[in-house]
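Written out below as structure tokens is the structure these notes cover.
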Amino acid sequence: MRGLFAWPDPRAASHDTMTRPLIRLPGWQLRLLLVVGLLLLLTGIVWLGVHYSIGAGTGELPHPLEVWCIRLHGAAAFAGLFVLGVLGGNHIPAGWRVTHHHRRGARGMQRSTGIGLVALATLMVGTGYALYYFTPEEWRPAMGWLHAGAGFAMAALALLHRRSHRRGRQVHSD
């Protein structure tokens, strides 16, 4: 069955890596993920740069660009939660089923990086929420760097996840 939210039936193919289909995101989901992910990464990087060079992180008053970056970052975070929900509705469970018997190779790498991405997304949501609502002032720098580090790690892991998808596709087509 082909469709927007269709995934392969795990009973339809053998457990051989060569015959198992890959889970591809529909075009609109991939574009949305890329736009929101890049927006989050870029606003986070710009905010860090402004905050620690000419903004409140240097003991000065917050720079106007700092304020707008964090506002845009927060709005993009809501879009990011939507993207996580979309991925959680189809891509993640389908990928979990398809890679169930694969612990090595491209499929094992996709499963491992996928688990890492979900864990980092959970950390990002938790630290972002804590920074906005609960973190005491004396803990904010450490929590902020944890959040930023998780964001950079998530970007790197997403590239690795995509690379393992391409490698698995090459194995699949040979």
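Identifiers in the structure tokens: chain A, B, ... in order shown; residue index from 1 per chain; ligand index from 1 in order shown.
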Produce a table with one row for each residue of segment 51-99 of chain A that has an atom at most 9 Å from any atom of segment 112-116 of chain A, each row naming the nearest atom pair and its distance in Å at one decimal; use only C-alpha atoms; arrange rows by chain and rising residue number; format as a Markdown table.
```
| residue | atom | partner | partner_atom | distance |
| --- | --- | --- | --- | --- |
| A:Ile92 | CA | A:Gly114 | CA | 7.8 |
| A:Gly95 | CA | A:Gly114 | CA | 8.5 |
| A:Trp96 | CA | A:Gly114 | CA | 8.8 |
```
**Message:** Would you compute the distance between atom CA of Ser53 of chain A and atom CA of Phe134 of chain A? Give it in Å to one decimal.
**Reply:** 25.4 Å
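From atom CA of Leu25 of chain A back to atom CA of Pro93 of chain A, the distance works out to 12.6 Å.
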**Atomic distance atom CA of Met124 of chain A - atom CA of Ala150 of chain A, expressed in Å with one decimal** = 6.5 Å
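Closest to His73 of chain A among A:Ala56, A:His91, A:His51, A:Ile45 is A:Ile45, based on only C-alpha atoms.
Using only C-alpha atoms, the contacts of Glu66 of chain A at a cut-off of 12 Å, with sequence neighbours closer than 4 positions omitted, comprise Thr43, Gly44, Ile45, Val46, Trp47, Leu48, Gly49, Val50, His51, Tyr52, Ser53, Ile54, Gly55, Ala56, Gly57, Glu60, Leu61, Pro62, Ile70, Arg71, Leu72 and His73 of chain A.
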Would you save the residues from that selection as an mmCIF file, in the first residue's frame, using C-alpha atoms?
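Final file, out07.cif:
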```
data_model
loop_
_atom_site.group_PDB
_atom_site.id
_atom_site.type_symbol
_atom_site.label_atom_id
_atom_site.label_comp_id
_atom_site.auth_asym_id
_atom_site.auth_seq_id
_atom_site.Cartn_x
_atom_site.Cartn_y
_atom_site.Cartn_z
ATOM 1 C CA THR A 43 18.423 30.729 15.977
ATOM 2 C CA GLY A 44 20.194 28.834 18.751
ATOM 3 C CA ILE A 45 23.632 29.552 17.285
ATOM 4 C CA VAL A 46 22.860 33.232 16.668
ATOM 5 C CA TRP A 47 21.436 33.600 20.176
ATOM 6 C CA LEU A 48 24.538 32.015 21.720
ATOM 7 C CA GLY A 49 26.805 34.284 19.674
ATOM 8 C CA VAL A 50 24.925 37.465 20.513
ATOM 9 C CA HIS A 51 24.309 36.545 24.152
ATOM 10 C CA TYR A 52 27.945 35.744 24.926
ATOM 11 C CA SER A 53 29.568 38.438 22.777
ATOM 12 C CA ILE A 54 27.481 41.611 23.174
ATOM 13 C CA GLY A 55 24.395 40.618 25.142
ATOM 14 C CA ALA A 56 23.339 39.696 28.639
ATOM 15 C CA GLY A 57 25.969 36.960 28.900
ATOM 16 C CA GLU A 60 25.349 44.023 29.535
ATOM 17 C CA LEU A 61 21.666 44.569 28.926
ATOM 18 C CA PRO A 62 20.133 42.041 26.522
ATOM 19 C CA ILE A 70 15.025 33.554 21.526
ATOM 20 C CA ARG A 71 11.433 34.407 20.570
ATOM 21 C CA LEU A 72 11.880 32.873 17.139
ATOM 22 C CA HIS A 73 13.660 29.893 18.708
#
```
**Request:** Please provide as a PyMOL selection string all residues within 12 Å of Met143 of chain A, with the sequence filter that same-chain residues fewer than 2 positions apart are discarded (counting only C-alpha atoms).
**Result:** chain A and resi 123-124+126-132+134-141+145-150
**Request:** Give the alpha helix (DSSP H) residues of segment 45-107 of chain A, as assigned by DSSP on the backbone, as an MDAnalysis selection string.
**Result:** chainID A and resid 45:53 64:89 91:98 105:107
